[in-house]
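Report on the structure given below.
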Amino acid sequence: MIKYIIKRLLMLIPVLIGVSIIVFFLLRVCAPDPAPVVLGQHATEASMQEWREANGLNENIVVQYVNFIKGAVTGDFGESYYTNNSVLNEIGSRFPATIEIAIFAIIVATVFGIAIGVIAAVKKNSIIDNASMVLSLVGVSIPIFWLGILFIILFVKILGWLPASGRIDSMLRPDGGTGFYLIDTLVQGDFEAFKNALWHLILPGFTLALYTLAIISRMTRSSMLDALNQDYIRTARSKGISEGKVVIKHGLRNALMPIVTVIGLQFGSLLGGAVLTETVFAWPGIGSYTVECITKSDFPVIQAVVLIIATIFVLMNLIVDIIYAFLDPRIKYGKRES
Amino acid sequence: MARKKVLAADGVDVQEAVTIEKPESRFKAMWDTLKKNKAALFGLFVIIVLVIIAIIGPYITPYDPNAQVMSEAYQKPSATHWFGTDNLGRDIFSRIIVGTRVSLFVGIAAVAMSLLIGTILGSIAGYFGGKIDAVIMRIMDMMLSIPSILLAITLMAALGKGIDKAIIAIGVVSIPEYARIIRSSILSTKENDYVAAAKVLGNSDRRIIFHHIIPNVVSSIVVRATLGISTAILDTAALGFLGLGVQPPTAEWGDMLGRVRSMILVYPYMLIFPGLAITLAVLAFNLFGDGLRDALDPKSRS
Amino acid sequence: MLLEVENLKTEFKVKRGTVKAVNNVSFGVEKGEILAIVGESGSGKSVSSLSVMGLIRDPGKVTGGRIMFHGENLVDKTKKEMNKIRGDKISMIFQEPMTSLNPVYKIGDQIMESILTHTDLSKAEARKTAIKMLDLVGIPSPEQRMEDYPHQMSGGMRQRVMIAMALSCNPEVLIADEPTTALDVTIQAQILELIDKLRNKIGMAVLLITHDLGVVAETADRVVVMYCGRIVEQADVKDIFTDPLHPYTKGLLESIPRMEEDKDRLFMIKGVVPDPTKLPKGCSFADRCDNCMEKCKEHMPALVDVNGRKVRCFLHSDEEEADV
Amino acid sequence: MENKEVLLEVQNLSKFFTVNTSFFGKPIDVLKAVDDVSFKIYKGEAFGLVGESGCGKSTIGKMLVNLYTPTSGKIIYDGVELTALKQKERRKYCREIQLIFQDPYASLNPKMTVGDIIAEPIIINKILPKNEVEKRVNYLLDCVGLANHQRNRYPHEFSGGQRQRVGIARALAVNPKLIVCDEPVSALDVSIQAQVLNLLDDLKDEFGLTYLFIAHGLNVVKHISDRVGVMYLGKLMEIAEKNELYNNPLNPYTQALLSAIPSVDITHKKERIILKGDVPTPINPPDGCRFASRCFKAEEKCNEHCPQLADIGDGHFVACDFCGK
């Protein structure tokens, strides 16, 4: 197994290098010159030339790329064009917010998605099944940002239950810690702040979760239906095992494997979805920050964000494959053939 | 050459029935099944309406979509302005009508582009396999490892704002997905005996691809394309919402939402109708796509 | 009679109408006896066996008749009650050994699951019983094999595991639905010999479902021939092969290429099996039968007794089926 | 048998598949599907090839029709060594050797009408001018017992037996001389099986064809073939005229195979040879006689060297040290 993981890790390197080339090529070659945007229209040609020199934009493209990679490996992604603060700090301060909402969303989507999918498959063509089909169809069709807006109008403007934006009330903000407010507040035992942080998380979390929930429930339903049609289900029933056990122990256990793959893939699109959710709920995560940087042509930040998110996504896929191997004994990663 | 009379399988004297039945075209068979699926029909109906609006839209709008009448700004939906007016006094209903053309056009153009390139890459990788397959699929993996919206906005940053750039961005982003789907359906079709039979009967590679593999893969491509248009419309609206799509004053659903985002608690009515339009369009293509898949792929129907 | 099926009717609702898969079928099996139900695809032989086990799922439903077992009618039993009988008193093995075992659980666990469901043995005792069963069905080094997964075993081995699993609670009736169809002929010989040996050793009744008349000749004691959901002939195995009464049985026997003879052309039953949703009036075999009479096209012959045997053909009696 | 003209000769034909390779591409496990097989097929004859799953009979069939390229060995058809030809010339011969498939549901293109399926080979091989194609298709449909009015229907509207007839008509369309039948009736019901076997028999005489008939049912193979070859794990164990093989099987595996087939003749029960163990995997097979692990006559020497096919006289060949010369 270890041998397999190492092999897969080695195989990630070319993919990430490929990603870095794509991003670097897009931003440094195709993109318009950042100088006027950063220094403002009235900047003189000389000051722009001098600024480019300072940021090493005049060097040969390959040299720039090599510097970028050398830096990336050591975690030094250069400085943001605007704050001259190291890109890593800029990203570091915002990353926990995005990860927190992404994890919240994936948990909600997985739990409800699988539950709805299983019930819909077992009670095929019943009201629940049809309702789940409608839910998943609508869930896939509603744009994430509009859903957020609807939630705000409903739960904030009309019902007034939940806050519309931000991660926590400013005076309750836990200082230091991991940057995951839910964890920090719990660790510091400040339940008032924990409740507040949770209240802030619910709306954006569910907005982000719905799309993935729709995909997972649809996938679970079809995977369960597929599993329940297999011969070993009929064998299990012929052994006199209760219907519930047949569905869960034999059916779901086999249906889990394709579901795990979908959840792994969905985590990637969640990070993408976060960009929109954060913009709607003014959630101080990496997504909204990236959008700002794009409008401001702050390229070092964009390069770093895309590379980091791609790395996470690729590692997620590896983790999914390993979980898949544990779930499916037929796949042997170098395990000794018994 | 005297020939022994071979009794037909079902015992009927072989040449009795003389009327040669016309080939029941596959299109008619598909249409019969589609007719029974109410949801798919609703989807198709909405699509047709959208297409009509996209074509004749600008000529039938009650007001000039770009005319800024500050005195009439912030008006709630009323008899005169069905959907109310936005912060610059423009009639929202008219802008949505005009916006249809942009969303549909970008959606279809992006899908056409990514479908074309994806199909070519997918069929080369699928049919020939080996090194080419590995190379193409590795590149696809690279593009897939960047979440689609992030890749799209990076492309927009590189290419600059504007509708034509949005088409390229959204198109490029969905190429890997099409390439993968077409590659896998070609691989599964290739395993069938009738492809081996075609080889044995002397068909050239080219003829096998176009006469034996593509016709059996077309249905999954068409379904994918229909569902792809809905994703493309969503992505277009998303780019618009982030302010990376159309430049003012052109009207586009996502952009209309993005511009008045901050007034959500004050004038919520402004944000209802553009979002509804996006959802309806996307829902229509999804319903029609699902209906098409069941109609074209008999196995999934049983 | 240990297990007695009377006028069983099972129907399937399909888009084109309702299919009477099993239409008024009656048969019984004694302790220690092997009854073969033989017929081509679509004859209703598998559906009959699944109906006895209560494994008919919608769109199918048992719509009539009785299945008497120890004086109780299984058709009226609830799901829970049937769960107690399935796997304990009546168990079943299937045609495709490759897909009939759950691929993600070890062989041992799947056998023990059946034991633990029906007996109050502890896990350790259940494990011992499972190993004993694997040994009984002739699997070498059963302890190690307990830890194997299905994909690590050949088709023949898996079928033996299925048999071990089915017999783990000492059932009184074993239903074998085409147990050797998917196996190579030398492995098939092993499995048939095993079923025969176990039948004598445990004294269970076996309901053997197959389309292969050779398997029937070698293994069965009594034979039921089915066509289009109905029994057309029933007799001891010797009578069926030496003196078949129903034209369909005769036709089947003559259309099998035999090793001993060297015929130039095989006898051919002409035509194809009629569409189950639109069965012709009268005898279903009429338009394929060489000695078809006018009456055959109008009425359905009844299944009548002919000196201890049963046959459904106007050649042997003029009695007509009461309710078609 | 000697004066008969040889239509096809296979010499030391082998086909190995590399199952998995080490990191540097060195093959670790090799599946020896077909291992050094030689036999002749005479013009107008039906040569049967029988054996259990994994014995390589279908692989041989696929190599004859150029779906697989052999790892080694020669295929000589009508005096021409096909294996030496380049792909372009080899495809010219595709008209002479045709294949009928086992699975009637997968061997017909679902998007083409039955008429087009049969017409296509005629058109692309330019056998007949366009206007005569339809007449030829009707004639072929009639030959295989299908009604002309069904010409424009799609494969999913036919039963298994009828589809197999379309497959046969399609193979006949290019006027082949040799037809490889790869388990043509195994997927069919008994009554339909008899219809197709009789059809194949009639067509052989009518079109002057030669068959290589591949199947796992020895009774079916014995009925339709003149000579039968028995294969086990990639090796040819015995070749003989069909009645000779039935009455006087020499190779222990053939004896076991014959005794294992459940016979319908209930009058005299024959004693059964029940083999122990399972059919071993053709991956990295043992060097000696492939059947040694399950053979009831096996001795030490069987594991050392692999017996060659020896001629016992009047066309009876056997590969076993106990019944050699």
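By order of appearance in the structure tokens: chains A, B, ..., then residues from 1 within every chain, and ligands from 1 in the order shown.
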Name all residues at most 9 Å from range 249-259 of chain C (count only C-alpha atoms; drop same-chain ones fewer than 6 positions away) and give them as a VMD selection string. (chain C and resid 213 225 232 to 233 240 to 241 243 266 to 269 289) or (chain D and resid 190 to 191 193 to 195 218 to 224 243 246 258 263 to 265)
What lies within 10 Å of range 191-203 of chain B using only C-alpha atoms, ignoring chain neighbours under 5 positions off, as a VMD selection string? (chain B and resid 186 208 to 209 211 to 213) or (chain D and resid 62 64 to 67 90 to 110 117 120 to 122 124 to 125 167 170 to 171 173 to 174)
Using only C-alpha atoms, find which residues of chain A lie within 6 Å of chain B and jot them down as a PyMOL selection string. chain A and resi 15+19+26-27+30-31+141-142+146+268-269+272+294+310
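Counting only C-alpha atoms, the residue from A:Val23, A:Val301, A:Met316, A:Ile69 that sits nearest to Asn85 in chain A is A:Val301.
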Just to confirm, what's the straight-line distance from CA of Pro58 in chain B to CA of Leu147 in chain A in Å (one decimal)?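 Taking CA of Pro58 in chain B as the start and CA of Leu147 in chain A as the end point, the length is 28.3 Å.
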I want to know what sits within 8 Å of Arg237 in chain A, based on only C-alpha atoms, with residues of the same chain fewer than 2 positions away left out; could you give that as a list in words? Ile233, Arg234, Thr235, Lys239, Gly240, Ile241, Ser242, Glu243 and Val246 of chain A; Leu55, Asn83 and Arg86 of chain C
Write to file, as a PDB file, in the first residue's frame, the residues of the selection just made, with C-alpha atoms.
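File produced: out_6.pdb:
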ATOM      1  CA  ILE A 233     -28.841  -9.054  -3.021  1.00  0.00           C
ATOM      2  CA  ARG A 234     -31.134 -11.882  -4.133  1.00  0.00           C
ATOM      3  CA  THR A 235     -28.733 -14.333  -2.462  1.00  0.00           C
ATOM      4  CA  LYS A 239     -30.569 -16.463   3.232  1.00  0.00           C
ATOM      5  CA  GLY A 240     -33.535 -15.053   5.159  1.00  0.00           C
ATOM      6  CA  ILE A 241     -31.801 -11.822   6.165  1.00  0.00           C
ATOM      7  CA  SER A 242     -34.108  -8.941   7.134  1.00  0.00           C
ATOM      8  CA  GLU A 243     -34.810  -6.435   4.355  1.00  0.00           C
ATOM      9  CA  VAL A 246     -29.971  -6.500   3.091  1.00  0.00           C
TER      10      VAL A 246
ATOM     11  CA  LEU C  55     -38.446 -13.731  -3.740  1.00  0.00           C
ATOM     12  CA  ASN C  83     -37.369 -14.637   6.539  1.00  0.00           C
ATOM     13  CA  ARG C  86     -35.693 -18.776   3.970  1.00  0.00           C
TER      14      ARG C  86
END
Kindly provide, as a PyMOL selection string, the residues of chain C having any atom no farther than 9 Å from an atom of chain A, counting only C-alpha atoms. chain C and resi 53-55+79-80+82-88+90-94+96+99-105+110+113-114+117-118+148-152+162+165-166
Who sits within 10 Å of Asn73 in chain C, only C-alpha atoms, same chain under 6 positions skipped, as a PDB file with N, CA, C and O atoms, in the first residue's frame:
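Result file selection06.pdb:
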ATOM      1  N   GLU C   4     -45.525 -28.935  -1.181  1.00  0.00           N
ATOM      2  CA  GLU C   4     -46.557 -29.159  -2.198  1.00  0.00           C
ATOM      3  C   GLU C   4     -47.019 -27.825  -2.779  1.00  0.00           C
ATOM      4  O   GLU C   4     -47.464 -26.951  -2.047  1.00  0.00           O
ATOM      5  N   VAL C   5     -46.866 -27.672  -4.095  1.00  0.00           N
ATOM      6  CA  VAL C   5     -47.328 -26.427  -4.754  1.00  0.00           C
ATOM      7  C   VAL C   5     -48.614 -26.753  -5.508  1.00  0.00           C
ATOM      8  O   VAL C   5     -48.660 -27.725  -6.259  1.00  0.00           O
ATOM      9  N   GLY C  65     -53.068 -19.620  -5.906  1.00  0.00           N
ATOM     10  CA  GLY C  65     -52.522 -20.948  -5.612  1.00  0.00           C
ATOM     11  C   GLY C  65     -51.939 -21.017  -4.208  1.00  0.00           C
ATOM     12  O   GLY C  65     -51.857 -20.012  -3.494  1.00  0.00           O
ATOM     13  N   ARG C  66     -51.498 -22.233  -3.824  1.00  0.00           N
ATOM     14  CA  ARG C  66     -50.977 -22.412  -2.449  1.00  0.00           C
ATOM     15  C   ARG C  66     -49.620 -23.121  -2.501  1.00  0.00           C
ATOM     16  O   ARG C  66     -49.363 -23.888  -3.432  1.00  0.00           O
ATOM     17  N   ILE C  67     -48.791 -22.794  -1.540  1.00  0.00           N
ATOM     18  CA  ILE C  67     -47.494 -23.496  -1.405  1.00  0.00           C
ATOM     19  C   ILE C  67     -47.480 -24.086  -0.003  1.00  0.00           C
ATOM     20  O   ILE C  67     -47.255 -23.388   0.983  1.00  0.00           O
TER      21      ILE C  67
END
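Relative to CA of Pro285 in chain D, CA of Leu8 in chain D is found at 28.2 Å.
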If you measure from CA of Val137 in chain D to CA of Ala29 in chain B, what distance in Å do you get, rounded to one decimal?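 Answer for the CA of Val137 in chain D to CA of Ala29 in chain B separation: 25.3 Å.
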